[in-house]
$ cat protein.txt   # compact mmCIF, C-alpha atoms (C1' of nucleotides)
# COMPACT_ATOMS: atom_id res chain seq x y z
CA MET K 11 0.00 0.00 0.00
CA ALA K 12 2.57 2.49 1.11
CA LYS K 13 4.57 3.66 -1.90
CA THR K 14 7.80 3.71 0.03
CA ASN K 15 11.22 4.81 -1.12
CA PRO K 16 10.36 6.54 -4.36
CA PRO K 17 13.35 7.14 -6.62
CA PHE K 18 15.72 10.01 -5.90
CA MET K 19 14.09 11.04 -2.65
CA THR K 20 16.65 9.74 -0.16
CA GLY K 21 18.19 12.69 1.62
CA VAL K 22 15.81 15.18 0.04
CA PRO K 23 13.63 15.80 3.12
CA GLU K 24 16.66 16.40 5.29
CA LEU K 25 18.19 18.74 2.73
CA LEU K 26 15.01 20.75 2.30
CA LEU K 27 14.38 21.13 6.01
CA LEU K 28 17.92 22.25 6.68
CA ARG K 29 17.80 24.69 3.80
CA LEU K 30 14.58 26.27 5.00
CA LEU K 31 15.61 26.42 8.64
CA SER K 32 18.98 27.91 7.76
CA GLN K 33 17.08 30.95 6.53
CA ARG K 34 14.73 31.43 9.44
CA GLU K 35 13.14 29.48 12.26
CA MET K 36 9.96 27.63 11.49
CA TYR K 37 7.61 25.13 13.07
CA GLY K 38 6.60 21.72 11.76
CA TYR K 39 3.28 22.50 10.24
CA GLU K 40 4.74 25.57 8.59
CA LEU K 41 7.51 23.48 7.06
CA VAL K 42 4.98 21.12 5.52
CA ARG K 43 3.56 24.04 3.54
CA GLN K 44 6.86 25.79 2.86
CA VAL K 45 8.35 22.69 1.26
CA GLN K 46 5.50 22.63 -1.23
CA LEU K 47 5.84 26.34 -1.83
CA VAL K 48 9.56 26.49 -2.50
CA THR K 49 9.53 23.42 -4.73
CA GLY K 50 6.69 24.74 -6.87
CA GLU K 51 4.29 22.11 -5.53
CA THR K 52 6.56 19.39 -6.87
CA ILE K 53 7.61 17.91 -3.57
CA LYS K 54 5.07 17.35 -0.84
CA LEU K 55 6.30 15.98 2.45
CA GLY K 56 3.66 14.74 4.84
CA GLU K 57 3.78 15.25 8.56
CA GLY K 58 4.79 11.63 8.94
CA VAL K 59 8.04 12.62 7.25
CA ILE K 60 8.56 16.08 8.69
CA TYR K 61 8.12 15.42 12.39
CA PRO K 62 10.28 12.33 12.70
CA MET K 63 12.96 14.13 10.69
CA LEU K 64 12.83 17.19 12.92
CA HIS K 65 13.16 15.00 15.99
CA ALA K 66 16.08 13.13 14.50
CA LEU K 67 17.85 16.34 13.52
CA GLN K 68 17.29 17.75 16.97
CA LYS K 69 18.63 14.60 18.57
CA SER K 70 21.74 14.72 16.42
CA GLY K 71 22.31 18.32 17.44
CA ALA K 72 21.60 19.87 14.06
CA LEU K 73 18.50 21.70 15.26
CA LYS K 74 17.46 23.52 18.40
CA ALA K 75 13.80 23.44 19.38
CA THR K 76 11.89 26.10 21.26
CA ARG K 77 8.31 25.66 22.36
CA ARG K 78 6.46 28.91 22.12
CA ASP K 79 2.88 29.95 22.80
CA VAL K 80 1.31 31.90 19.99
CA GLY K 81 -2.15 33.09 20.90
CA ALA K 82 -4.01 30.07 22.19
CA ARG K 83 -1.75 27.70 20.27
CA SER K 84 1.54 26.13 21.12
CA ARG K 85 4.18 25.72 18.46
CA VAL K 86 7.60 24.16 18.41
CA TYR K 87 10.02 26.37 16.52
CA TYR K 88 13.19 24.90 15.10
CA GLU K 89 16.39 26.67 14.16
CA THR K 90 19.69 25.38 12.82
CA THR K 91 22.76 25.08 14.99
CA ARG K 92 26.35 25.34 13.83
CA LYS K 93 26.31 21.58 13.53
CA GLY K 94 23.17 21.81 11.43
CA ARG K 95 24.73 24.26 9.03
CA GLN K 96 27.74 22.00 8.70
CA ARG K 97 25.45 19.11 7.98
CA LEU K 98 23.67 21.22 5.37
CA ALA K 99 26.94 22.09 3.69
CA LYS K 100 27.84 18.42 3.54
CA LEU K 101 24.49 17.50 2.02
CA GLU K 102 24.77 20.29 -0.55
CA THR K 103 28.17 19.00 -1.58
CA GLU K 104 26.88 15.47 -1.87
CA TRP K 105 23.84 16.59 -3.82
CA SER K 106 26.06 18.52 -6.18
CA ARG K 107 28.27 15.48 -6.68
CA ILE K 108 25.44 13.13 -7.60
CA ARG K 109 23.73 15.72 -9.73
CA SER K 110 26.88 16.39 -11.75
CA ALA K 111 27.60 12.70 -12.11
CA LEU K 112 24.16 12.01 -13.54
CA ASP K 113 24.49 14.97 -15.87
CA LEU K 114 27.76 13.57 -17.12
CA ALA K 115 26.26 10.14 -17.62
CA GLU K 116 23.32 11.49 -19.57
CA VAL K 117 22.43 9.57 -22.68
CA PRO K 118 22.92 11.60 -25.85
CA ASN K 119 19.80 11.87 -27.97
CA ALA K 120 17.60 10.28 -25.35
CA SER K 121 14.40 11.42 -27.02
CA ALA K 122 14.83 9.28 -30.14
CA MET M 7 29.46 -1.07 9.56
CA ALA M 8 27.66 -0.94 6.29
CA LYS M 9 27.29 2.67 5.19
CA THR M 10 23.75 2.11 4.02
CA ASN M 11 21.35 4.54 2.43
CA PRO M 12 23.68 7.31 1.39
CA PRO M 13 21.84 10.50 0.47
CA PHE M 14 20.48 10.98 -3.03
CA MET M 15 21.37 7.49 -4.24
CA THR M 16 17.92 5.91 -4.30
CA GLY M 17 17.02 5.10 -7.87
CA VAL M 18 20.45 6.05 -9.18
CA PRO M 19 21.74 2.52 -9.80
CA GLU M 20 18.61 1.59 -11.71
CA LEU M 21 18.76 4.77 -13.77
CA LEU M 22 22.42 4.31 -14.64
CA LEU M 23 22.08 0.68 -15.62
CA LEU M 24 19.08 1.38 -17.82
CA ARG M 25 20.84 4.31 -19.44
CA LEU M 26 23.92 2.29 -20.25
CA LEU M 27 22.03 -0.75 -21.46
CA SER M 28 19.75 1.37 -23.63
CA GLN M 29 22.84 2.24 -25.67
CA ARG M 30 24.31 -1.23 -26.06
CA GLU M 31 24.27 -4.62 -24.41
CA MET M 32 26.72 -5.18 -21.60
CA TYR M 33 27.53 -7.73 -18.93
CA GLY M 34 27.65 -7.22 -15.19
CA TYR M 35 31.33 -6.85 -14.63
CA GLU M 36 31.54 -4.46 -17.54
CA LEU M 37 28.77 -2.34 -16.07
CA VAL M 38 30.66 -2.00 -12.81
CA ARG M 39 33.47 -0.28 -14.70
CA GLN M 40 31.30 1.64 -17.13
CA VAL M 41 29.37 3.29 -14.33
CA GLN M 42 32.60 4.66 -12.94
CA LEU M 43 33.71 5.75 -16.37
CA VAL M 44 30.60 7.65 -17.41
CA THR M 45 30.22 9.38 -14.06
CA GLY M 46 33.81 10.57 -14.02
CA GLU M 47 34.71 8.21 -11.17
CA THR M 48 32.13 9.95 -9.00
CA ILE M 49 29.76 7.03 -8.61
CA LYS M 50 31.09 3.56 -7.98
CA LEU M 51 28.58 0.75 -7.75
CA GLY M 52 29.86 -2.52 -6.34
CA GLU M 53 28.88 -5.92 -7.64
CA GLY M 54 26.63 -6.32 -4.65
CA VAL M 55 24.55 -3.51 -6.14
CA ILE M 56 24.84 -4.32 -9.82
CA TYR M 57 23.99 -8.01 -9.87
CA PRO M 58 20.89 -7.92 -7.68
CA MET M 59 19.66 -4.95 -9.70
CA LEU M 60 20.20 -6.74 -13.00
CA HIS M 61 18.29 -9.75 -11.71
CA ALA M 62 15.45 -7.58 -10.48
CA LEU M 63 15.22 -5.72 -13.78
CA GLN M 64 15.24 -8.97 -15.67
CA LYS M 65 12.52 -10.38 -13.46
CA SER M 66 10.37 -7.32 -14.01
CA GLY M 67 10.79 -7.67 -17.75
CA ALA M 68 12.92 -4.57 -18.26
CA LEU M 69 15.98 -6.51 -19.33
CA LYS M 70 16.65 -9.59 -21.41
CA ALA M 71 19.63 -11.75 -20.49
CA THR M 72 21.73 -13.84 -22.82
CA ARG M 73 24.48 -16.12 -21.61
CA ARG M 74 27.34 -16.17 -24.06
CA ASP M 75 30.71 -17.89 -24.13
CA VAL M 76 33.55 -15.55 -24.91
CA GLY M 77 36.81 -17.45 -25.19
CA ALA M 78 37.12 -19.57 -22.09
CA ARG M 79 34.80 -17.30 -20.15
CA SER M 80 31.09 -17.16 -19.81
CA ARG M 81 29.30 -13.85 -19.64
CA VAL M 82 25.71 -12.83 -19.17
CA TYR M 83 24.82 -10.00 -21.51
CA TYR M 84 21.87 -7.77 -20.77
CA GLU M 85 19.87 -5.64 -23.13
CA THR M 86 16.85 -3.41 -22.58
CA THR M 87 13.38 -4.44 -23.64
CA ARG M 88 10.57 -2.13 -24.65
CA LYS M 89 9.42 -2.29 -21.08
CA GLY M 90 12.89 -1.36 -19.94
CA ARG M 91 12.99 1.69 -22.15
CA GLN M 92 9.61 2.75 -20.83
CA ARG M 93 10.90 2.34 -17.31
CA LEU M 94 13.94 4.42 -18.21
CA ALA M 95 11.77 7.19 -19.58
CA LYS M 96 9.77 7.21 -16.38
CA LEU M 97 12.87 7.40 -14.23
CA GLU M 98 14.29 10.21 -16.35
CA THR M 99 11.09 12.17 -15.88
CA GLU M 100 11.15 11.62 -12.16
CA TRP M 101 14.81 12.53 -11.92
CA SER M 102 14.11 15.71 -13.83
CA ARG M 103 11.26 16.56 -11.50
CA ILE M 104 13.26 16.20 -8.31
CA ARG M 105 16.28 17.92 -9.80
CA SER M 106 14.23 20.94 -10.86
CA ALA M 107 12.45 21.08 -7.54
CA LEU M 108 15.70 21.19 -5.62
CA ASP M 109 17.06 23.82 -7.96
CA LEU M 110 14.00 25.94 -7.30
CA ALA M 111 14.35 25.50 -3.57
CA GLU M 112 17.99 26.48 -3.58
CA VAL M 113 19.03 28.87 -0.88
CA PRO M 114 20.19 32.23 -2.22
CA ASN M 115 23.68 33.18 -1.10
CA ALA M 116 24.36 29.78 0.39
CA SER M 117 28.09 30.42 0.66
CA ALA M 118 27.83 33.19 3.27
C1' DC C 14 -26.26 24.16 16.55
C1' DC C 15 -23.54 21.01 14.20
C1' DT C 16 -20.16 19.60 11.10
C1' DA C 17 -16.34 19.97 8.34
C1' DT C 18 -11.97 22.01 7.64
C1' DA C 19 -7.70 24.03 9.16
C1' DT C 20 -4.16 24.25 12.48
C1' DG C 21 -0.70 21.89 15.19
C1' DC C 22 1.49 18.15 17.35
C1' DC C 23 2.67 13.15 17.31
C1' DT C 24 3.57 7.61 16.60
C1' DT C 25 3.42 3.09 14.43
C1' DT C 26 4.10 0.13 10.73
C1' DA C 27 6.05 -1.47 6.64
C1' DA C 28 8.15 -1.72 2.31
C1' DC C 29 12.07 -0.80 -0.09
C1' DT C 30 16.94 0.03 -1.15
C1' DA C 31 21.94 0.41 -1.42
C1' DC C 32 25.84 -1.42 0.42
C1' DA C 33 29.43 -4.27 2.64
C1' DA C 34 31.15 -8.52 3.11
C1' DG C 35 31.69 -12.72 1.76
C1' DG C 36 31.83 -16.78 -1.58
C1' DT C 37 33.13 -19.49 -6.09
C1' DA C 38 36.07 -20.19 -10.11
C1' DT C 39 39.37 -19.32 -13.92
C1' DA C 40 43.10 -16.76 -16.14
C1' DT C 41 47.13 -13.99 -16.17
C1' DA C 42 50.98 -11.67 -14.62
C1' DT C 43 54.94 -11.24 -11.22
C1' DA O 24 53.91 -19.57 -5.83
C1' DT O 25 51.23 -15.55 -5.16
C1' DA O 26 48.65 -11.79 -6.26
C1' DT O 27 45.60 -9.48 -9.31
C1' DA O 28 42.01 -9.32 -12.77
C1' DT O 29 37.98 -11.30 -14.65
C1' DA O 30 33.28 -12.94 -13.94
C1' DC O 31 29.51 -14.58 -11.56
C1' DC O 32 26.69 -14.71 -7.22
C1' DT O 33 24.15 -14.39 -2.19
C1' DT O 34 23.25 -12.93 2.53
C1' DG O 35 22.46 -9.69 5.98
C1' DT O 36 21.23 -5.21 7.60
C1' DA O 37 20.75 -0.60 8.54
C1' DG O 38 18.46 3.30 7.32
C1' DT O 39 14.78 5.83 4.81
C1' DT O 40 10.40 7.53 3.15
C1' DA O 41 5.61 7.44 3.39
C1' DA O 42 0.86 6.16 4.59
C1' DA O 43 -2.28 5.82 8.01
C1' DG O 44 -3.75 6.81 12.05
C1' DG O 45 -4.50 9.43 16.64
C1' DC O 46 -5.10 13.69 19.69
C1' DA O 47 -6.64 18.44 20.50
C1' DT O 48 -8.21 23.20 19.53
C1' DA O 49 -10.10 26.79 16.56
C1' DT O 50 -12.89 28.57 12.91
C1' DA O 51 -16.03 28.79 9.13
C1' DG O 52 -20.31 27.33 6.74
C1' DG O 53 -24.73 25.54 6.50
$ encode --input "protein.txt" --output "C-alpha cells"
Amino acid sequence: MAKTNPPFMTGVPELLLLRLLSQREMYGYELVRQVQLVTGETIKLGEGVIYPMLHALQKSGALKATRRDVGARSRVYYETTRKGRQRLAKLETEWSRIRSALDLAEVPNASA
Amino acid sequence: MAKTNPPFMTGVPELLLLRLLSQREMYGYELVRQVQLVTGETIKLGEGVIYPMLHALQKSGALKATRRDVGARSRVYYETTRKGRQRLAKLETEWSRIRSALDLAEVPNASA
DNA sequence: CCTATATGCCTTTAACTACAAGGTATATAT
DNA sequence: ATATATACCTTGTAGTTAAAGGCATATAGG
C-alpha cells in the first residue's frame, strides 16, 4: 500500500528542512507548507516525514527546538545550529556530486 | 558497519544501468566499470549492487539476459526491452522533477 | 447548533533500497 | 607460488520515506 522509497528522494527531506531552517526558524506545520511552496508544488512531504525528521535532527544536534505559545496555540520552533549548518553544507556537496555525475552520464539523444 | 542509504542514491543505480544498457548490451562486470567511467569516477557501484539490480530488472521484464561464451569465459549479456525503455523514460522524468524542484528550492547566497 | 476544515502536534508500521562482506572459479601476470 | 584481474553470485542489515492513524483546539459554513 505504502509507496515507500520513491526514486531520488533519499536525503531530500533532510536537505530541504535544513535549507529552510537555515534561513529562518519555522515550526513543523509551517515546514509542511513551505516545502510545497519552494519546490513549486513538486515535492510534498507529509507530517509523517517532517516530524520524525525534525526530531532526528534535533537529537543529532543539528537543530534547536523552542516551544512557544502563539495566541491560544503552542508551536515548536526549530532553528539550525552550527552543527546543522555544517550538515547542510555536507548535504549540498553530496547533492552537487550526484547531480553532476548524472548529468555527465546522460544519454545523448535520449528522445529518439 | 555498512554505510547504508547514502543521500540521493535511491534510484540512481537503476537509472544508470538502464541508461547504459539502452545504448548497447553489456555484462555485469563491464557495467561496474562503465558506471565509474561515465560518471567521471564519482559514482562507484559494487557488484553487490549491480547483480541484484540486474536480476530484479530482468525479473520485471525490463531486461533480457543472454548467456554467451567468450573465449574460455562465460558472460551474461543484458539488453533493454521495450518495457525497460519505458521504465527508463519514467525514471528520467522523475529525476528531472526532483532535480528541478531542488534547484527551485535552492538557498540564495548559500556560501555566506 | 452542528459539522467539516484548518491548524498543530505526534507515533506506528512497513516496504524498499543500497551497500558491505563474503563466496566461487578461472586466467594472467609477477 | 602468489597476487591481481575477470566474472559470476548471495546474505544480511541498517536506514529511509511514506501512509495511516490518533489527539486536541479553533474557525467557518450551512
$ closest_atom_pairs --input "protein.txt" --of "chain C" --to "chain K" --cutoff "12 Å" --atoms "only C-alpha atoms (C1' of nucleotides)" --output "JSON lines"
{"residue": "C:DA19", "atom": "C1'", "partner": "K:Tyr39", "partner_atom": "CA", "distance": 11.1}
{"residue": "C:DT20", "atom": "C1'", "partner": "K:Tyr39", "partner_atom": "CA", "distance": 8.0}
{"residue": "C:DG21", "atom": "C1'", "partner": "K:Tyr39", "partner_atom": "CA", "distance": 6.4}
{"residue": "C:DC22", "atom": "C1'", "partner": "K:Arg85", "partner_atom": "CA", "distance": 8.1}
{"residue": "C:DC23", "atom": "C1'", "partner": "K:Tyr61", "partner_atom": "CA", "distance": 7.7}
{"residue": "C:DT24", "atom": "C1'", "partner": "K:Gly58", "partner_atom": "CA", "distance": 8.7}
{"residue": "C:DT25", "atom": "C1'", "partner": "K:Gly58", "partner_atom": "CA", "distance": 10.2}
{"residue": "C:DT26", "atom": "C1'", "partner": "K:Ala12", "partner_atom": "CA", "distance": 10.0}
{"residue": "C:DA27", "atom": "C1'", "partner": "K:Ala12", "partner_atom": "CA", "distance": 7.6}
{"residue": "C:DA28", "atom": "C1'", "partner": "K:Thr14", "partner_atom": "CA", "distance": 5.9}
{"residue": "C:DC29", "atom": "C1'", "partner": "K:Asn15", "partner_atom": "CA", "distance": 5.8}
{"residue": "C:DT30", "atom": "C1'", "partner": "K:Asn15", "partner_atom": "CA", "distance": 7.5}
{"residue": "C:DA31", "atom": "C1'", "partner": "K:Thr20", "partner_atom": "CA", "distance": 10.8}
$ closest_atom_pairs --input "protein.txt" --of "chain O" --to "chain M" --cutoff "7 Å" --atoms "only C-alpha atoms (C1' of nucleotides)" --output "CSV"
residue,atom,partner,partner_atom,distance
O:DA30,C1',M:Tyr35,CA,6.4
O:DA37,C1',M:Thr10,CA,6.1
O:DG38,C1',M:Asn11,CA,5.8
$ interface_residues --input "protein.txt" --of "chain M" --to "chain K" --cutoff "6 Å" --atoms "all atoms listed in the file" --output "list in words"
Pro13, Phe14, Thr16, Gly17, Val44, Thr45, Ala107, Leu110 and Ala111 of chain M
$ atom_distance --input "protein.txt" --atom1 "atom CA of M:Gln92" --atom2 "atom CA of M:Glu31"
16.8 Å
$ calpha_fit_and_write --input "protein.txt" --fixed "chain M" --moving "chain K" --output "JSON list (two decimals) with C-alpha atoms, in the coordinates of the input"
[["chain", "number", "residue", "atom", "x", "y", "z"],
["K", 11, "MET", "CA", 29.50, -0.96, 9.54],
["K", 12, "ALA", "CA", 27.73, -0.85, 6.24],
["K", 13, "LYS", "CA", 27.18, 2.77, 5.23],
["K", 14, "THR", "CA", 23.75, 2.06, 3.84],
["K", 15, "ASN", "CA", 21.38, 4.41, 2.09],
["K", 16, "PRO", "CA", 23.65, 7.35, 1.42],
["K", 17, "PRO", "CA", 21.81, 10.54, 0.50],
["K", 18, "PHE", "CA", 20.45, 10.99, -3.01],
["K", 19, "MET", "CA", 21.35, 7.52, -4.21],
["K", 20, "THR", "CA", 17.91, 5.91, -4.27],
["K", 21, "GLY", "CA", 17.03, 5.10, -7.85],
["K", 22, "VAL", "CA", 20.46, 6.06, -9.15],
["K", 23, "PRO", "CA", 21.76, 2.52, -9.78],
["K", 24, "GLU", "CA", 18.63, 1.58, -11.68],
["K", 25, "LEU", "CA", 18.77, 4.76, -13.74],
["K", 26, "LEU", "CA", 22.43, 4.32, -14.62],
["K", 27, "LEU", "CA", 22.08, 0.68, -15.60],
["K", 28, "LEU", "CA", 19.10, 1.38, -17.80],
["K", 29, "ARG", "CA", 20.85, 4.31, -19.42],
["K", 30, "LEU", "CA", 23.94, 2.29, -20.23],
["K", 31, "LEU", "CA", 22.04, -0.75, -21.46],
["K", 32, "SER", "CA", 19.77, 1.37, -23.62],
["K", 33, "GLN", "CA", 22.85, 2.23, -25.65],
["K", 34, "ARG", "CA", 24.31, -1.22, -26.06],
["K", 35, "GLU", "CA", 24.28, -4.62, -24.40],
["K", 36, "MET", "CA", 26.72, -5.18, -21.59],
["K", 37, "TYR", "CA", 27.54, -7.73, -18.93],
["K", 38, "GLY", "CA", 27.65, -7.24, -15.18],
["K", 39, "TYR", "CA", 31.32, -6.84, -14.63],
["K", 40, "GLU", "CA", 31.52, -4.46, -17.55],
["K", 41, "LEU", "CA", 28.75, -2.34, -16.06],
["K", 42, "VAL", "CA", 30.66, -2.02, -12.80],
["K", 43, "ARG", "CA", 33.48, -0.31, -14.69],
["K", 44, "GLN", "CA", 31.30, 1.64, -17.12],
["K", 45, "VAL", "CA", 29.36, 3.28, -14.30],
["K", 46, "GLN", "CA", 32.60, 4.64, -12.89],
["K", 47, "LEU", "CA", 33.72, 5.74, -16.32],
["K", 48, "VAL", "CA", 30.62, 7.63, -17.38],
["K", 49, "THR", "CA", 30.23, 9.36, -14.02],
["K", 50, "GLY", "CA", 33.83, 10.55, -13.97],
["K", 51, "GLU", "CA", 34.72, 8.19, -11.13],
["K", 52, "THR", "CA", 32.13, 9.90, -8.94],
["K", 53, "ILE", "CA", 29.76, 6.99, -8.58],
["K", 54, "LYS", "CA", 31.08, 3.52, -7.92],
["K", 55, "LEU", "CA", 28.59, 0.70, -7.71],
["K", 56, "GLY", "CA", 29.86, -2.56, -6.32],
["K", 57, "GLU", "CA", 28.88, -5.94, -7.64],
["K", 58, "GLY", "CA", 26.64, -6.37, -4.63],
["K", 59, "VAL", "CA", 24.53, -3.58, -6.11],
["K", 60, "ILE", "CA", 24.84, -4.36, -9.81],
["K", 61, "TYR", "CA", 23.97, -8.04, -9.87],
["K", 62, "PRO", "CA", 20.89, -7.96, -7.67],
["K", 63, "MET", "CA", 19.66, -4.97, -9.68],
["K", 64, "LEU", "CA", 20.19, -6.75, -12.98],
["K", 65, "HIS", "CA", 18.29, -9.76, -11.70],
["K", 66, "ALA", "CA", 15.45, -7.60, -10.46],
["K", 67, "LEU", "CA", 15.23, -5.72, -13.75],
["K", 68, "GLN", "CA", 15.24, -8.97, -15.65],
["K", 69, "LYS", "CA", 12.52, -10.38, -13.44],
["K", 70, "SER", "CA", 10.37, -7.31, -13.98],
["K", 71, "GLY", "CA", 10.80, -7.66, -17.72],
["K", 72, "ALA", "CA", 12.91, -4.56, -18.23],
["K", 73, "LEU", "CA", 15.98, -6.51, -19.32],
["K", 74, "LYS", "CA", 16.65, -9.59, -21.40],
["K", 75, "ALA", "CA", 19.63, -11.74, -20.49],
["K", 76, "THR", "CA", 21.72, -13.84, -22.84],
["K", 77, "ARG", "CA", 24.48, -16.12, -21.65],
["K", 78, "ARG", "CA", 27.31, -16.14, -24.10],
["K", 79, "ASP", "CA", 30.68, -17.86, -24.20],
["K", 80, "VAL", "CA", 33.55, -15.54, -24.96],
["K", 81, "GLY", "CA", 36.80, -17.42, -25.28],
["K", 82, "ALA", "CA", 37.08, -19.60, -22.21],
["K", 83, "ARG", "CA", 34.79, -17.31, -20.23],
["K", 84, "SER", "CA", 31.06, -17.18, -19.88],
["K", 85, "ARG", "CA", 29.30, -13.86, -19.68],
["K", 86, "VAL", "CA", 25.71, -12.84, -19.19],
["K", 87, "TYR", "CA", 24.82, -10.00, -21.53],
["K", 88, "TYR", "CA", 21.88, -7.78, -20.75],
["K", 89, "GLU", "CA", 19.87, -5.62, -23.11],
["K", 90, "THR", "CA", 16.85, -3.41, -22.56],
["K", 91, "THR", "CA", 13.38, -4.44, -23.63],
["K", 92, "ARG", "CA", 10.57, -2.12, -24.64],
["K", 93, "LYS", "CA", 9.42, -2.28, -21.06],
["K", 94, "GLY", "CA", 12.90, -1.35, -19.92],
["K", 95, "ARG", "CA", 13.01, 1.70, -22.13],
["K", 96, "GLN", "CA", 9.63, 2.76, -20.81],
["K", 97, "ARG", "CA", 10.91, 2.33, -17.30],
["K", 98, "LEU", "CA", 13.96, 4.42, -18.19],
["K", 99, "ALA", "CA", 11.79, 7.19, -19.57],
["K", 100, "LYS", "CA", 9.78, 7.21, -16.37],
["K", 101, "LEU", "CA", 12.90, 7.40, -14.23],
["K", 102, "GLU", "CA", 14.32, 10.21, -16.35],
["K", 103, "THR", "CA", 11.12, 12.17, -15.90],
["K", 104, "GLU", "CA", 11.16, 11.60, -12.17],
["K", 105, "TRP", "CA", 14.81, 12.53, -11.92],
["K", 106, "SER", "CA", 14.14, 15.71, -13.85],
["K", 107, "ARG", "CA", 11.27, 16.57, -11.53],
["K", 108, "ILE", "CA", 13.27, 16.21, -8.33],
["K", 109, "ARG", "CA", 16.28, 17.92, -9.80],
["K", 110, "SER", "CA", 14.25, 20.94, -10.88],
["K", 111, "ALA", "CA", 12.45, 21.10, -7.56],
["K", 112, "LEU", "CA", 15.70, 21.20, -5.63],
["K", 113, "ASP", "CA", 17.07, 23.83, -7.98],
["K", 114, "LEU", "CA", 14.01, 25.94, -7.33],
["K", 115, "ALA", "CA", 14.33, 25.51, -3.59],
["K", 116, "GLU", "CA", 17.98, 26.50, -3.59],
["K", 117, "VAL", "CA", 19.00, 28.88, -0.87],
["K", 118, "PRO", "CA", 20.14, 32.24, -2.22],
["K", 119, "ASN", "CA", 23.63, 33.21, -1.12],
["K", 120, "ALA", "CA", 24.32, 29.84, 0.43],
["K", 121, "SER", "CA", 28.05, 30.45, 0.64],
["K", 122, "ALA", "CA", 27.82, 33.27, 3.19]]
$ atom_distance --input "protein.txt" --atom1 "atom CA of M:Ala78" --atom2 "atom C1' of C:DA34"
28.2 Å
$ residues_around --input "protein.txt" --residues "C:DA17" --least-positions-apart "6" --cutoff "12 Å" --atoms "only C-alpha atoms (C1' of nucleotides)" --output "JSON, numbers by chain"
{"O": [50, 51, 52, 53]}
$ atom_distance --input "protein.txt" --atom1 "atom CA of M:Arg93" --atom2 "atom CA of M:Leu27"
12.3 Å
$ residues_near_point --input "protein.txt" --point "(31.7, -3.8, -8.8)" --cutoff "8 Å" --atoms "only C-alpha atoms (C1' of nucleotides)" --output "PyMOL selection string"
chain M and resi 35+37-39+50-56
$ build_atoms --input "protein.txt" --residues "stretch 99-116 of chain M" --atoms "N, CA and C atoms" --output "PDB file, in the coordinates of the input"
ATOM      1  N   THR M  99      12.085  11.150 -16.215  1.00  0.00           N
ATOM      2  CA  THR M  99      11.090  12.170 -15.880  1.00  0.00           C
ATOM      3  C   THR M  99      11.126  12.488 -14.388  1.00  0.00           C
ATOM      4  N   GLU M 100      11.144  11.434 -13.604  1.00  0.00           N
ATOM      5  CA  GLU M 100      11.150  11.620 -12.160  1.00  0.00           C
ATOM      6  C   GLU M 100      12.428  12.315 -11.703  1.00  0.00           C
ATOM      7  N   TRP M 101      13.529  11.898 -12.252  1.00  0.00           N
ATOM      8  CA  TRP M 101      14.810  12.530 -11.920  1.00  0.00           C
ATOM      9  C   TRP M 101      14.755  14.028 -12.249  1.00  0.00           C
ATOM     10  N   SER M 102      14.214  14.325 -13.394  1.00  0.00           N
ATOM     11  CA  SER M 102      14.110  15.710 -13.830  1.00  0.00           C
ATOM     12  C   SER M 102      13.236  16.530 -12.874  1.00  0.00           C
ATOM     13  N   ARG M 103      12.173  15.910 -12.434  1.00  0.00           N
ATOM     14  CA  ARG M 103      11.260  16.560 -11.500  1.00  0.00           C
ATOM     15  C   ARG M 103      11.960  16.958 -10.197  1.00  0.00           C
ATOM     16  N   ILE M 104      12.594  15.979  -9.595  1.00  0.00           N
ATOM     17  CA  ILE M 104      13.260  16.200  -8.310  1.00  0.00           C
ATOM     18  C   ILE M 104      14.387  17.218  -8.464  1.00  0.00           C
ATOM     19  N   ARG M 105      15.161  17.043  -9.516  1.00  0.00           N
ATOM     20  CA  ARG M 105      16.280  17.920  -9.800  1.00  0.00           C
ATOM     21  C   ARG M 105      15.811  19.369  -9.917  1.00  0.00           C
ATOM     22  N   SER M 106      14.777  19.592 -10.686  1.00  0.00           N
ATOM     23  CA  SER M 106      14.230  20.940 -10.860  1.00  0.00           C
ATOM     24  C   SER M 106      13.696  21.494  -9.548  1.00  0.00           C
ATOM     25  N   ALA M 107      13.037  20.641  -8.806  1.00  0.00           N
ATOM     26  CA  ALA M 107      12.450  21.080  -7.540  1.00  0.00           C
ATOM     27  C   ALA M 107      13.544  21.543  -6.579  1.00  0.00           C
ATOM     28  N   LEU M 108      14.624  20.813  -6.519  1.00  0.00           N
ATOM     29  CA  LEU M 108      15.700  21.190  -5.620  1.00  0.00           C
ATOM     30  C   LEU M 108      16.443  22.433  -6.124  1.00  0.00           C
ATOM     31  N   ASP M 109      16.489  22.599  -7.413  1.00  0.00           N
ATOM     32  CA  ASP M 109      17.060  23.820  -7.960  1.00  0.00           C
ATOM     33  C   ASP M 109      16.225  25.028  -7.542  1.00  0.00           C
ATOM     34  N   LEU M 110      14.928  24.875  -7.691  1.00  0.00           N
ATOM     35  CA  LEU M 110      14.000  25.940  -7.300  1.00  0.00           C
ATOM     36  C   LEU M 110      14.162  26.299  -5.836  1.00  0.00           C
ATOM     37  N   ALA M 111      14.320  25.291  -5.021  1.00  0.00           N
ATOM     38  CA  ALA M 111      14.350  25.500  -3.570  1.00  0.00           C
ATOM     39  C   ALA M 111      15.725  25.914  -3.061  1.00  0.00           C
ATOM     40  N   GLU M 112      16.617  26.135  -3.973  1.00  0.00           N
ATOM     41  CA  GLU M 112      17.990  26.480  -3.580  1.00  0.00           C
ATOM     42  C   GLU M 112      18.015  27.734  -2.729  1.00  0.00           C
ATOM     43  N   VAL M 113      18.912  27.730  -1.775  1.00  0.00           N
ATOM     44  CA  VAL M 113      19.030  28.870  -0.880  1.00  0.00           C
ATOM     45  C   VAL M 113      19.905  29.942  -1.532  1.00  0.00           C
ATOM     46  N   PRO M 114      19.384  31.155  -1.658  1.00  0.00           N
ATOM     47  CA  PRO M 114      20.190  32.230  -2.220  1.00  0.00           C
ATOM     48  C   PRO M 114      21.354  32.552  -1.283  1.00  0.00           C
ATOM     49  N   ASN M 115      22.523  32.770  -1.889  1.00  0.00           N
ATOM     50  CA  ASN M 115      23.680  33.180  -1.100  1.00  0.00           C
ATOM     51  C   ASN M 115      24.112  32.125  -0.083  1.00  0.00           C
ATOM     52  N   ALA M 116      24.109  30.880  -0.529  1.00  0.00           N
ATOM     53  CA  ALA M 116      24.360  29.780   0.390  1.00  0.00           C
ATOM     54  C   ALA M 116      25.794  29.757   0.915  1.00  0.00           C
TER      55      ALA M 116
END
